[in-house]
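A quick write-up on the structure given underneath.
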Amino acid sequence: MPAVFEQGPSPLEETAIVRPYALTGGRTKANYALELETLISTKDHVAAGSLPAVAMEQIECVSIIEECRTPRSVAEIAATLRVPLGVARVLISDAADAGLVSVHKTISGNDGAEAHLVLMERVLSGLRRL
């Protein structure tokens with residue numbers, strides 16, 4: 001077998017792994033109701049200027065700010081950060097608490113059930129026309 005395949009992971013790969021709970025300080029609950037489809041965007045004053053000192057404390061916070069210059073969903077942010085969804089929710093919540101990002105309201109549960117029904121009927125009607 002070639003020597004290339006016998007080597008283990010490089011020291012950088014071994015030390016680059018951070019457990020997800022370490023990123024959130026062991027917290028598992030977000031302060032906001034963040035669904036998969038909830039849109040997050042960087043606040044105008046943050047997008048226009050330099051990053052505040054609060055954001056510089058954690059690289060994930062900087063990544064969220066940069067990613068959300070155009071609105072992104074919670075699922076997209078989790079995928080970009082390569083962290084579990086629960087961890088992404090806590091990190092996004094922290095950024096929102098610091099006033100760095102805006103959490104856009106989504107319709108969930110029984111809130112706006114009628115709006116969900118109208119949307120589903122429009123989609124079904126469009127599919128039938130195809």
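Labels used: A, B, ... for chains in the order of the structure tokens, numbers from 1 for residues in each chain, and numbers from 1 for ligands as shown.
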
For A:Ser93, find every residue with an atom within 9 Å (counting only C-alpha atoms), except residues of its own chain fewer than 3 positions away, and show them as a ChimeraX atom specification. /A:30-32,34,88-90,96-98,101,103

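For stretch 74-84 of chain A, the list of residues within 8 Å, based on only C-alpha atoms and with local chain neighbours fewer than 3 positions off taken out, reads A:Pro20, A:Leu34, A:Glu35, A:Leu36, A:Glu37, A:Thr38, A:Leu39, A:Ile40, A:Glu60, A:Ser63, A:Ile64, A:Glu67, A:Val87, A:Ala88, A:Arg89.
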
As an exercise, work out the distance from atom CA of A:Glu66 to atom CA of A:Lys43 in Å and give it to one decimal place. 11.0 Å

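Atom CA of A:Cys61 sits 7.0 Å away from atom CA of A:Leu91.
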
Of the candidates A:Ile59, A:Leu130, A:Ile65, A:Val123, which one gets nearest to A:Gly99 if we count only C-alpha atoms? A:Ile65
